[in-house]
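**Q** To start, I am sharing the structure in question, which I have written as structure tokens.
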Protein chains: 2
Amino acid sequence: MSTKVNPDLQRERDKCTFNVTELINLIDGGEDKTAERKSREEMVLKEGLHIDDVPNEYLSHKEKYERAIKKSCGLFKLIRRLQEEDSAGMENYMAVLGGTLGSAILQDGSPLTLHYVMFIPTLMGQATVEQQAYWIGRAFNLDIIGTYAQTELGHGTFIRGLETTATYDPSTKEFVLHSPTLTSYKWWPGGLAHTANYCIVMAQLYSRGKCHGIHAFIVQLRDEETHMPLPGIKVGEIGAKLGMNGTNNGFLGFEKVRIPREHMLMKNSKILEDGTYQNAPSSKLTYGTMMFVRVVIVNDMCNYMAKAVTVATRYSAVRRQSQPKPNEPEPQILDYVTQQHKLLIGIASVHAFRLSADWIWTMYNNVTAELETGDMERLPELHALSCCLKAVTTADAADCVERCRLACGGHGYMQSSNLPIMYGLVTAACTYEGENTVLLLQTARYLVKAWQQAVGGNALTPTVAYIGRLSTGRRSPPWENTIEGIIHGFQRVAAGKIGLCVANIEKRQAAGMQYEDAWNMTSVQLASASESHCRAMVLSCYYEENEKLMKNVSPALRTVLLQLVDLYVVYWALQRVGDLLRFTSISERDIEQLQNWYEDLLTKLRPNAVGLVDAFDIRDEILHSTLGAWDGRVYERLMEEALKSPLNAQPVNDSFRKYLKPFMQGKL
Amino acid sequence: MSTKVNPDLQRERDKCTFNVTELINLIDGGEDKTAERKSREEMVLKEGLHIDDVPNEYLSHKEKYERAIKKSCGLFKLIRRLQEEDSAGMENYMAVLGGTLGSAILQDGSPLTLHYVMFIPTLMGQATVEQQAYWIGRAFNLDIIGTYAQTELGHGTFIRGLETTATYDPSTKEFVLHSPTLTSYKWWPGGLAHTANYCIVMAQLYSRGKCHGIHAFIVQLRDEETHMPLPGIKVGEIGAKLGMNGTNNGFLGFEKVRIPREHMLMKNSKILEDGTYQNAPSSKLTYGTMMFVRVVIVNDMCNYMAKAVTVATRYSAVRRQSQPKPNEPEPQILDYVTQQHKLLIGIASVHAFRLSADWIWTMYNNVTAELETGDMERLPELHALSCCLKAVTTADAADCVERCRLACGGHGYMQSSNLPIMYGLVTAACTYEGENTVLLLQTARYLVKAWQQAVGGNALTPTVAYIGRLSTGRRSPPWENTIEGIIHGFQRVAAGKIGLCVANIEKRQAAGMQYEDAWNMTSVQLASASESHCRAMVLSCYYEENEKLMKNVSPALRTVLLQLVDLYVVYWALQRVGDLLRFTSISERDIEQLQNWYEDLLTKLRPNAVGLVDAFDIRDEILHSTLGAWDGRVYERLMEEALKSPLNAQPVNDSFRKYLKPFMQGKL
């Protein structure tokens, strides 16, 4: 970082009112954690795996895959070395591959991600002790590469609808895996196409002529020596996608493929040798993995938002445009209030979601402790929270990344800004691990039940307790134009919407509709109620967790952290003014004051904007952006990157001689 | 279309309540226009230029360019032939290259687009008769290929900030073109990188030591025989982008390049031989091109929305998911009200924007007629309208395409759905031809002036007349829950917001702020007021133009067209409930009725959803989507397209032998 820094950017850093290092440490969770992260980054990046002569976006689809394999091998080799050094197991996997570090090297996804995100964890969660003894060592050493195949060409979120069958044949003690239709082909699993040689397959289990529902099986796909697909295995890639073109997503069909009985994962349910089916003791035990994955997603979203807003904020400090006042220089675009409006909320959102993720993770661990004592009461609540939080954070993150990209004008459209590829990765999260609308409606189902319980006089679990308080009367207390007042207002909104949904469903049922149809007719409102519930939760969580966090913080930093919370809460109040007007006693005058408050906060935060993104502490190699680098050499980098385009290697492209010239001269 | 159609899709068509052909003709503007379009499509597509052995998304960046050149030459060859047949001039250019037909062949943009969209029109608009005689014939015959270079690496929307200089040297009667800095390099022009050999360059004109502002110059870039860049010309491509990777966007720098005096376009301003500068008679004459381009953009947006919603609607009729009622089959996802909510507004928006574009174009032609008589009064109004309409339609279209893509779940993320590439093209329009926030603020400037005029007692031009009516009192008349009532409500919202902005600016000025700073502080609200103005305009325009359109329409179709208008207006009322609550006397009960009305409209339109997108009449070759084809063979097409991936040509990729196997066996 000793290169010359753009003077506008340097000026921003000079005027920052708080200690950036203090905030970096706070975000990491302590000085030692920061040091640990930095040394890990240094260790991985010094290998140079992230350096490409030709940037990824110039390669063909096939070349992208081949490069991803080469780099993945390099990365895993490094992990192997680290494991030999300090034998840290899963932690090294996650730290090096997950988060921002892995994406610095494998910018558009890795074909090995599902190996450690799904294959190994599923073995750990669903295999018997004997099965684990046999498989996990091989998987950890990467003697075999696995993936996880659940979704099918015709079946996504609705798992019961899967068509792949695994029929037990007691005469040979084997399962016969089969794809009865085209729509039953597995479709999407990462690494499945040309990388994995083993796979966990979710299939309908049949034994003695009876279907026992979805179970997991380990299937070998390719010969370990030749990598050729085994007989009866139809495997290949599903084709190019909007993003994640390094992940090698595949399809998979079975033509009556036989696997030994021992290849069913039998920790929970079993097939005995004679074909007897033994049921699982509890099906709620899979909550753990699901919660873990959702928290990982929320943290991922924070990382992408932090990257995007770092790029856009630094660029906005360097870029100058227009001349509102004659005879004055063009202002930095960061001085335009519309630009502050686009960016500062992104900074605040990173903090809000990060604290929400931590909070729900703590709650999960508490609930797990209760589970040990057999108390499952809070599981549905937790499930409902994680559904809407995943939906809202992924949707907000996608909006945030796109807003940042658009805020960089034309240059944000360049691949070298790295914003397009970030969007591709973020928007995918709106669909995978549960489509967002479906998830919102799952939360809504829980909220409707909570409402009905409250009306029935029952006590509610903590995160929906407000529904109980608010479900009885509809008269609004006086509005308070404070952070607490707004948070309370959002709870009123959520409760009010849930109440309206319940009333609408009941009205429709009274008019003769079946419950399911009444639910469907009300589902636009239900999704909206669910979103409001999540907003209320995130607002109060951000506010409260930030209060705790600030206890040991310097006054200068505390001021800024409070401003961010205020900005976040007031921003959302203004975004949801209609809801507040409908369900609280907020007045036009309150709204105008909120608007002034908001504009005032933008002005206060403006001088610290660059300091705040610097505090996300994202190294240039990880940010990988011409517009966002630490030194602000935006235009130089844009030109340097342009010159890397293979098209620029020749002054005259061959197509001139082949097509253009004969055509222009009329000979074609 | 004789292939077997998916039975669910067929059932949708069978139950359509109106005559699809009648609507097709209505959209085209008459039966003869439909026939004309269809025969043009047939004529172009029978050439087979749209057929690729390997789909575009698998090629490298360089190969994409080379294919684009090959296809562009093929397309222009066809145009040449058509011109020889019926000598139709510009019309054939536009019909074959513009709209949806060109994009069926050149899916990710063409390197020749700027030749006919900017190079030729600029010559026609700004060259003298002598210059036109020399250049236009050569350009039309494609003896030369031109482009248009305005934006620079450091300068976009703010044209006065351009740095490239053209200094007149009377001793040789030449201009010296020069790029004094890195930021002055031209950056973005399509076709500039390796395709064009001529270019119109916008540069600061200097003569006799004085700067006369931005003027246009024709500069030869490359040798006509060898295509080598001429001395002093630094030219190349700017690199890969989010989309439009066939357009060959380039950079261009000058090292004191000399061009003859006659290469300045001198229709308006002139440099005499001795260096005397003669000013333009009128600078308002360039409105024409700008209006034309904006109307083209709005129509483009309609085409993309129509494509996206056709794909998503047909897919939603084929796709089945979940099982809300036990023992019943999985419903078509189009039966979910949340899905109808995502798609039907897209269908209505196409109609709303199409009619708005026609309306503003008619208005432009009327105003032009007034111009002939020297009456320029309505030019600023027209400019203000076109700014906000461009901003709102491009933003809405981008939202619509993304919503459609997300509504297709995982499969929408596949390139073969064609939705990702559509998004890339649509979102670009939010930035080019005037960044959207900047445009909204330009409209706001006009609206604030209109408000001040109204308060001063002056009459206002028609499209802002409502501001005059509403600027005097703030008391709301009783709310009417009708289409007219909502439209009137939106006008109150726009007027109310403008009034608030004016009050805020004045308050800030009274507190000592300069006007420009007060404007900036209020700009978030100003952009919002401008958007509200545009919404009011589009709502009333759609409603009124549809009324006219329906005069000669069958009762069955009329019912559906009215439902679409209702849906559009009620949808936006519900989206902007907060605004309506603030600025009108709408009540909670009205809102609940609107919500019911909306849900009722979704139910009514649901059976005609497929018929409505069929009426956009987009041929499969143009739609180019596995999910949206006429026959609904969604899963078969997904698999067929996947098998075209070059990665699937080998069962084992070379990277296994090179990297994966040595690594897995610990030898790497």
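In the structure tokens, the first chain shown is A, the next is B, and so on; residue numbers restart at 1 for each chain, and ligands run from 1 in the order shown.
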Which residues, written as an NGL selection string, have at least one atom at most 12 Å from Arg403 (chain A), with only C-alpha atoms counted and residues fewer than 2 positions away on the same chain left out?

**A** (:A and (305 or 308-309 or 311-313 or 338-346 or 396-401 or 405-409 or 412-413 or 419-420 or 423)) or (:B and (395 or 427 or 430-431 or 436-437))

**Q** List the neighbours of His488 (chain A) out to 12 Å using only C-alpha atoms; skip same-chain residues closer than 3 positions along the sequence, and give me the result as a PyMOL selection string.

**A** chain A and resi 466-467+469-470+476-485+491-495+532-533+535-537+539-540+543+569+573+580+583-586

**Q** Could you list, as a PyMOL selection string, every residue within 9 Å of Asn248 (chain B), counting only C-alpha atoms and ignoring same-chain residues fewer than 5 positions away?

**A** chain B and resi 65+109-112+188-195+237-239

**Q** Residues as selected, all heavy atoms, written as a compact mmCIF listing (two decimals), in the first residue's frame, can you do that?

**A**
```txt
# COMPACT_ATOMS: atom_id res chain seq x y z
N TYR B 65 -16.58 -11.73 -30.61
CA TYR B 65 -16.43 -10.60 -31.52
C TYR B 65 -16.35 -11.07 -32.97
O TYR B 65 -17.01 -10.54 -33.86
CB TYR B 65 -15.18 -9.78 -31.16
CG TYR B 65 -14.85 -8.77 -32.22
CD1 TYR B 65 -15.72 -7.71 -32.48
CD2 TYR B 65 -13.70 -8.87 -33.00
CE1 TYR B 65 -15.45 -6.78 -33.47
CE2 TYR B 65 -13.41 -7.96 -33.99
CZ TYR B 65 -14.29 -6.91 -34.23
OH TYR B 65 -14.04 -6.00 -35.22
N GLY B 109 -25.47 -7.85 -29.06
CA GLY B 109 -25.06 -6.57 -29.63
C GLY B 109 -24.23 -6.73 -30.89
O GLY B 109 -23.64 -7.78 -31.13
N SER B 110 -24.21 -5.68 -31.69
CA SER B 110 -23.49 -5.70 -32.96
C SER B 110 -22.46 -4.59 -32.99
O SER B 110 -22.70 -3.48 -32.54
CB SER B 110 -24.49 -5.49 -34.10
OG SER B 110 -23.82 -5.02 -35.25
N PRO B 111 -21.28 -4.87 -33.58
CA PRO B 111 -20.26 -3.81 -33.68
C PRO B 111 -20.61 -2.76 -34.73
O PRO B 111 -19.92 -1.75 -34.82
CB PRO B 111 -19.00 -4.58 -34.08
CG PRO B 111 -19.44 -5.91 -34.55
CD PRO B 111 -20.82 -6.17 -34.06
N LEU B 112 -21.67 -2.99 -35.49
CA LEU B 112 -22.03 -2.02 -36.52
C LEU B 112 -23.22 -1.15 -36.12
O LEU B 112 -23.63 -0.29 -36.90
CB LEU B 112 -22.34 -2.74 -37.84
CG LEU B 112 -21.16 -3.47 -38.50
CD1 LEU B 112 -21.55 -4.01 -39.87
CD2 LEU B 112 -19.95 -2.55 -38.64
N TRP B 188 -15.86 3.81 -24.65
CA TRP B 188 -17.20 3.24 -24.79
C TRP B 188 -17.74 3.11 -26.21
O TRP B 188 -18.55 2.21 -26.46
CB TRP B 188 -18.29 3.98 -23.97
CG TRP B 188 -18.34 3.52 -22.55
CD1 TRP B 188 -18.06 4.29 -21.45
CD2 TRP B 188 -18.65 2.22 -22.06
NE1 TRP B 188 -18.17 3.54 -20.32
CE2 TRP B 188 -18.53 2.27 -20.65
CE3 TRP B 188 -19.00 1.01 -22.66
CZ2 TRP B 188 -18.75 1.16 -19.84
CZ3 TRP B 188 -19.23 -0.09 -21.85
CH2 TRP B 188 -19.11 -0.01 -20.46
N PRO B 189 -17.40 3.98 -27.17
CA PRO B 189 -18.12 3.89 -28.44
C PRO B 189 -18.14 2.47 -29.02
O PRO B 189 -17.10 1.81 -29.10
CB PRO B 189 -17.36 4.85 -29.36
CG PRO B 189 -16.80 5.86 -28.42
CD PRO B 189 -16.44 5.09 -27.17
N GLY B 190 -19.32 2.00 -29.41
CA GLY B 190 -19.48 0.69 -30.01
C GLY B 190 -18.81 0.64 -31.38
O GLY B 190 -18.89 1.59 -32.15
N GLY B 191 -18.15 -0.48 -31.68
CA GLY B 191 -17.49 -0.65 -32.97
C GLY B 191 -16.17 0.08 -33.09
O GLY B 191 -15.44 -0.10 -34.07
N LEU B 192 -15.84 0.89 -32.10
CA LEU B 192 -14.62 1.70 -32.18
C LEU B 192 -13.35 0.85 -32.10
O LEU B 192 -12.33 1.17 -32.73
CB LEU B 192 -14.62 2.74 -31.05
CG LEU B 192 -13.35 3.59 -30.87
CD1 LEU B 192 -13.06 4.41 -32.13
CD2 LEU B 192 -13.49 4.52 -29.68
N ALA B 193 -13.41 -0.25 -31.37
CA ALA B 193 -12.18 -0.97 -31.03
C ALA B 193 -11.44 -1.51 -32.26
O ALA B 193 -10.30 -1.16 -32.51
CB ALA B 193 -12.50 -2.10 -30.06
N HIS B 194 -12.13 -2.37 -33.02
CA HIS B 194 -11.45 -3.02 -34.15
C HIS B 194 -12.27 -3.00 -35.43
O HIS B 194 -11.90 -3.64 -36.40
CB HIS B 194 -11.11 -4.47 -33.79
CG HIS B 194 -10.14 -4.58 -32.69
ND1 HIS B 194 -10.52 -4.66 -31.37
CD2 HIS B 194 -8.78 -4.57 -32.69
CE1 HIS B 194 -9.44 -4.71 -30.61
NE2 HIS B 194 -8.38 -4.66 -31.38
N THR B 195 -13.40 -2.30 -35.41
CA THR B 195 -14.32 -2.42 -36.53
C THR B 195 -14.35 -1.17 -37.40
O THR B 195 -14.15 -1.25 -38.61
CB THR B 195 -15.75 -2.71 -35.99
OG1 THR B 195 -15.66 -3.75 -35.02
CG2 THR B 195 -16.67 -3.12 -37.12
N GLU B 237 -9.78 -2.07 -27.61
CA GLU B 237 -11.08 -2.30 -26.96
C GLU B 237 -10.98 -2.10 -25.46
O GLU B 237 -9.92 -2.22 -24.85
CB GLU B 237 -11.64 -3.68 -27.33
CG GLU B 237 -11.12 -4.82 -26.50
CD GLU B 237 -12.23 -5.79 -26.10
OE1 GLU B 237 -13.41 -5.50 -26.28
OE2 GLU B 237 -11.87 -6.86 -25.56
N ILE B 238 -12.14 -1.78 -24.84
CA ILE B 238 -12.14 -1.43 -23.42
C ILE B 238 -12.27 -2.66 -22.52
O ILE B 238 -12.12 -2.55 -21.32
CB ILE B 238 -13.25 -0.42 -23.07
CG1 ILE B 238 -14.64 -1.01 -23.33
CG2 ILE B 238 -13.05 0.89 -23.82
CD1 ILE B 238 -15.77 -0.15 -22.80
N GLY B 239 -12.53 -3.81 -23.11
CA GLY B 239 -12.58 -5.02 -22.31
C GLY B 239 -13.98 -5.57 -22.13
O GLY B 239 -14.96 -5.00 -22.60
```

**Q** To one decimal in Å, tell me the separation between CA of Phe18 (chain B) and CA of Val560 (chain B).

**A**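 That distance, rounded to one decimal, is 7.8 Å.
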
**Q** Do a neighbour search on Arg222 (chain B) at 10 Å with only C-alpha atoms, toss out local chain neighbours closer than 5 positions, and write the hits as a ChimeraX atom specification.

**A** /A:652 /B:194-199,227-231,233,235

**Q** Pull N, CA, C and O atoms from the residues just selected and write them as a PDB file, in the first residue's frame.

**A**
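part_8.pdb, written as the output of this step:
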```pdb
ATOM      1  N   VAL A 652      -4.953  -5.454 -35.866  1.00  0.00           N
ATOM      2  CA  VAL A 652      -6.044  -5.747 -36.804  1.00  0.00           C
ATOM      3  C   VAL A 652      -6.510  -7.173 -36.550  1.00  0.00           C
ATOM      4  O   VAL A 652      -5.711  -8.115 -36.623  1.00  0.00           O
TER       5      VAL A 652
ATOM      6  N   HIS B 194     -12.130  -2.368 -33.018  1.00  0.00           N
ATOM      7  CA  HIS B 194     -11.453  -3.020 -34.149  1.00  0.00           C
ATOM      8  C   HIS B 194     -12.270  -3.001 -35.428  1.00  0.00           C
ATOM      9  O   HIS B 194     -11.897  -3.637 -36.404  1.00  0.00           O
ATOM     10  N   THR B 195     -13.403  -2.297 -35.409  1.00  0.00           N
ATOM     11  CA  THR B 195     -14.323  -2.416 -36.528  1.00  0.00           C
ATOM     12  C   THR B 195     -14.352  -1.165 -37.402  1.00  0.00           C
ATOM     13  O   THR B 195     -14.153  -1.249 -38.613  1.00  0.00           O
ATOM     14  N   ALA B 196     -14.595  -0.011 -36.789  1.00  0.00           N
ATOM     15  CA  ALA B 196     -14.766   1.220 -37.566  1.00  0.00           C
ATOM     16  C   ALA B 196     -13.430   1.691 -38.137  1.00  0.00           C
ATOM     17  O   ALA B 196     -12.383   1.522 -37.516  1.00  0.00           O
ATOM     18  N   ASN B 197     -13.491   2.297 -39.325  1.00  0.00           N
ATOM     19  CA  ASN B 197     -12.291   2.972 -39.810  1.00  0.00           C
ATOM     20  C   ASN B 197     -12.469   4.503 -39.844  1.00  0.00           C
ATOM     21  O   ASN B 197     -11.521   5.235 -40.105  1.00  0.00           O
ATOM     22  N   TYR B 198     -13.662   4.954 -39.555  1.00  0.00           N
ATOM     23  CA  TYR B 198     -13.910   6.391 -39.415  1.00  0.00           C
ATOM     24  C   TYR B 198     -14.682   6.633 -38.122  1.00  0.00           C
ATOM     25  O   TYR B 198     -15.316   5.712 -37.585  1.00  0.00           O
ATOM     26  N   CYS B 199     -14.675   7.867 -37.680  1.00  0.00           N
ATOM     27  CA  CYS B 199     -15.314   8.153 -36.407  1.00  0.00           C
ATOM     28  C   CYS B 199     -15.713   9.619 -36.355  1.00  0.00           C
ATOM     29  O   CYS B 199     -14.950  10.491 -36.807  1.00  0.00           O
ATOM     30  N   HIS B 227      -6.430  -1.608 -42.753  1.00  0.00           N
ATOM     31  CA  HIS B 227      -7.136  -1.507 -41.469  1.00  0.00           C
ATOM     32  C   HIS B 227      -6.181  -1.186 -40.319  1.00  0.00           C
ATOM     33  O   HIS B 227      -6.600  -1.199 -39.148  1.00  0.00           O
ATOM     34  N   MET B 228      -4.925  -0.899 -40.598  1.00  0.00           N
ATOM     35  CA  MET B 228      -3.994  -0.536 -39.525  1.00  0.00           C
ATOM     36  C   MET B 228      -4.349   0.845 -38.995  1.00  0.00           C
ATOM     37  O   MET B 228      -4.725   1.736 -39.762  1.00  0.00           O
ATOM     38  N   PRO B 229      -4.260   1.059 -37.656  1.00  0.00           N
ATOM     39  CA  PRO B 229      -4.518   2.390 -37.108  1.00  0.00           C
ATOM     40  C   PRO B 229      -3.545   3.394 -37.727  1.00  0.00           C
ATOM     41  O   PRO B 229      -2.362   3.086 -37.934  1.00  0.00           O
ATOM     42  N   LEU B 230      -4.035   4.588 -38.048  1.00  0.00           N
ATOM     43  CA  LEU B 230      -3.183   5.614 -38.645  1.00  0.00           C
ATOM     44  C   LEU B 230      -2.243   6.189 -37.580  1.00  0.00           C
ATOM     45  O   LEU B 230      -2.495   6.041 -36.381  1.00  0.00           O
ATOM     46  N   PRO B 231      -1.185   6.851 -38.023  1.00  0.00           N
ATOM     47  CA  PRO B 231      -0.226   7.408 -37.056  1.00  0.00           C
ATOM     48  C   PRO B 231      -0.916   8.347 -36.066  1.00  0.00           C
ATOM     49  O   PRO B 231      -1.788   9.130 -36.445  1.00  0.00           O
ATOM     50  N   ILE B 233      -2.990   7.641 -33.813  1.00  0.00           N
ATOM     51  CA  ILE B 233      -4.282   7.109 -33.336  1.00  0.00           C
ATOM     52  C   ILE B 233      -4.016   5.943 -32.392  1.00  0.00           C
ATOM     53  O   ILE B 233      -3.441   4.932 -32.800  1.00  0.00           O
ATOM     54  N   VAL B 235      -5.876   3.191 -30.483  1.00  0.00           N
ATOM     55  CA  VAL B 235      -7.214   2.622 -30.482  1.00  0.00           C
ATOM     56  C   VAL B 235      -7.171   1.164 -30.040  1.00  0.00           C
ATOM     57  O   VAL B 235      -6.192   0.461 -30.295  1.00  0.00           O
TER      58      VAL B 235
END
```

**Q** Considering only C-alpha atoms, return as a ChimeraX atom specification whatever protein or nucleic-acid residues lie within 12 Å of Arg633 (chain B), sequence-local ones (same chain, fewer than 4 positions apart) excluded.

**A** /A:154,182-183 /B:3-10,314-315,317-319,620,625-629,637-640

**Q** Write to file, as a PDB file, in the first residue's frame, the residues of the selection just made, with C-alpha atoms.

**A**
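Output saved as part_22.pdb:
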```
ATOM      1  CA  GLY A 154     -38.471 -30.915 -12.987  1.00  0.00           C
ATOM      2  CA  LEU A 182     -36.402 -36.896 -18.205  1.00  0.00           C
ATOM      3  CA  THR A 183     -37.684 -34.599 -15.457  1.00  0.00           C
TER       4      THR A 183
ATOM      5  CA  THR B   3     -44.656 -29.958 -33.192  1.00  0.00           C
ATOM      6  CA  LYS B   4     -46.459 -31.424 -30.239  1.00  0.00           C
ATOM      7  CA  VAL B   5     -47.340 -28.775 -27.713  1.00  0.00           C
ATOM      8  CA  ASN B   6     -47.093 -29.391 -23.978  1.00  0.00           C
ATOM      9  CA  PRO B   7     -50.654 -30.300 -22.899  1.00  0.00           C
ATOM     10  CA  ASP B   8     -50.756 -27.781 -20.046  1.00  0.00           C
ATOM     11  CA  LEU B   9     -49.802 -25.023 -22.433  1.00  0.00           C
ATOM     12  CA  GLN B  10     -52.332 -26.231 -24.971  1.00  0.00           C
ATOM     13  CA  ARG B 314     -45.195 -19.968 -20.675  1.00  0.00           C
ATOM     14  CA  TYR B 315     -42.731 -21.610 -18.299  1.00  0.00           C
ATOM     15  CA  ALA B 317     -47.846 -22.796 -17.282  1.00  0.00           C
ATOM     16  CA  VAL B 318     -45.593 -25.817 -17.844  1.00  0.00           C
ATOM     17  CA  ARG B 319     -43.808 -25.944 -14.500  1.00  0.00           C
ATOM     18  CA  ASP B 620     -39.153 -18.894 -31.193  1.00  0.00           C
ATOM     19  CA  SER B 625     -35.298 -19.444 -24.930  1.00  0.00           C
ATOM     20  CA  THR B 626     -35.449 -23.023 -23.694  1.00  0.00           C
ATOM     21  CA  LEU B 627     -38.128 -22.011 -21.184  1.00  0.00           C
ATOM     22  CA  GLY B 628     -40.317 -19.882 -23.404  1.00  0.00           C
ATOM     23  CA  ALA B 629     -40.705 -21.651 -26.728  1.00  0.00           C
ATOM     24  CA  ARG B 637     -34.941 -28.126 -24.666  1.00  0.00           C
ATOM     25  CA  LEU B 638     -32.959 -27.604 -21.482  1.00  0.00           C
ATOM     26  CA  MET B 639     -31.313 -30.977 -22.018  1.00  0.00           C
ATOM     27  CA  GLU B 640     -30.776 -30.419 -25.745  1.00  0.00           C
TER      28      GLU B 640
END
```

**Q** For Arg320 (chain A), list every protein, DNA or RNA residue within 6 Å, evaluated using only C-alpha atoms, and leave out those in the same chain fewer than 2 positions away; present the list as a short mmCIF file (atom, residue, chain, number, x, y, z; two decimals) with C-alpha atoms, in the first residue's frame.

**A**
```
data_model
loop_
_atom_site.label_atom_id
_atom_site.label_comp_id
_atom_site.auth_asym_id
_atom_site.auth_seq_id
_atom_site.Cartn_x
_atom_site.Cartn_y
_atom_site.Cartn_z
CA GLU A 330 -16.52 19.44 -10.87
CA PRO A 331 -17.50 17.94 -7.48
CA GLN A 332 -16.65 14.41 -6.36
CA ILE A 333 -19.80 12.46 -7.12
#
```

**Q** Return as an MDAnalysis selection string the full set of residues in region 314-346 of chain A whose backbone-based DSSP assignment is alpha helix (DSSP H).

**A** chainID A and resid 314:318 337:346

**Q** List every residue of region 208-403 of chain A that DSSP, applied to the backbone of this structure, assigns to strand (DSSP E or B), and report them as an MDAnalysis selection string.

**A** chainID A and resid 210:220 222 229 233:237 241 250:254 257:260 264 270:271 277:278 320 332

**Q** Identify, on the basis of only C-alpha atoms, every residue whose closest approach to Gln131 (chain B) does not exceed 8 Å; exclude the query and any residue fewer than 3 positions from it along the same chain; express the result as a list in words.

**A**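 These residues fall inside the cut-off: Ala127, Thr128, Tyr134, Trp135, Glu262 and Leu265 of chain B.
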
**Q** Keeping C-alpha atoms, export the residues of the selection given above as a short mmCIF file (atom, residue, chain, number, x, y, z; two decimals), in the first residue's frame.

**A**
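selection23.cif, written as the output of this step:
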```cif
data_model
loop_
_atom_site.label_atom_id
_atom_site.label_comp_id
_atom_site.auth_asym_id
_atom_site.auth_seq_id
_atom_site.Cartn_x
_atom_site.Cartn_y
_atom_site.Cartn_z
CA ALA B 127 -23.01 17.97 -41.90
CA THR B 128 -23.36 20.61 -44.58
CA TYR B 134 -19.27 13.34 -49.89
CA TRP B 135 -19.86 11.13 -46.85
CA GLU B 262 -13.50 20.33 -44.04
CA LEU B 265 -19.27 19.13 -39.33
#
```
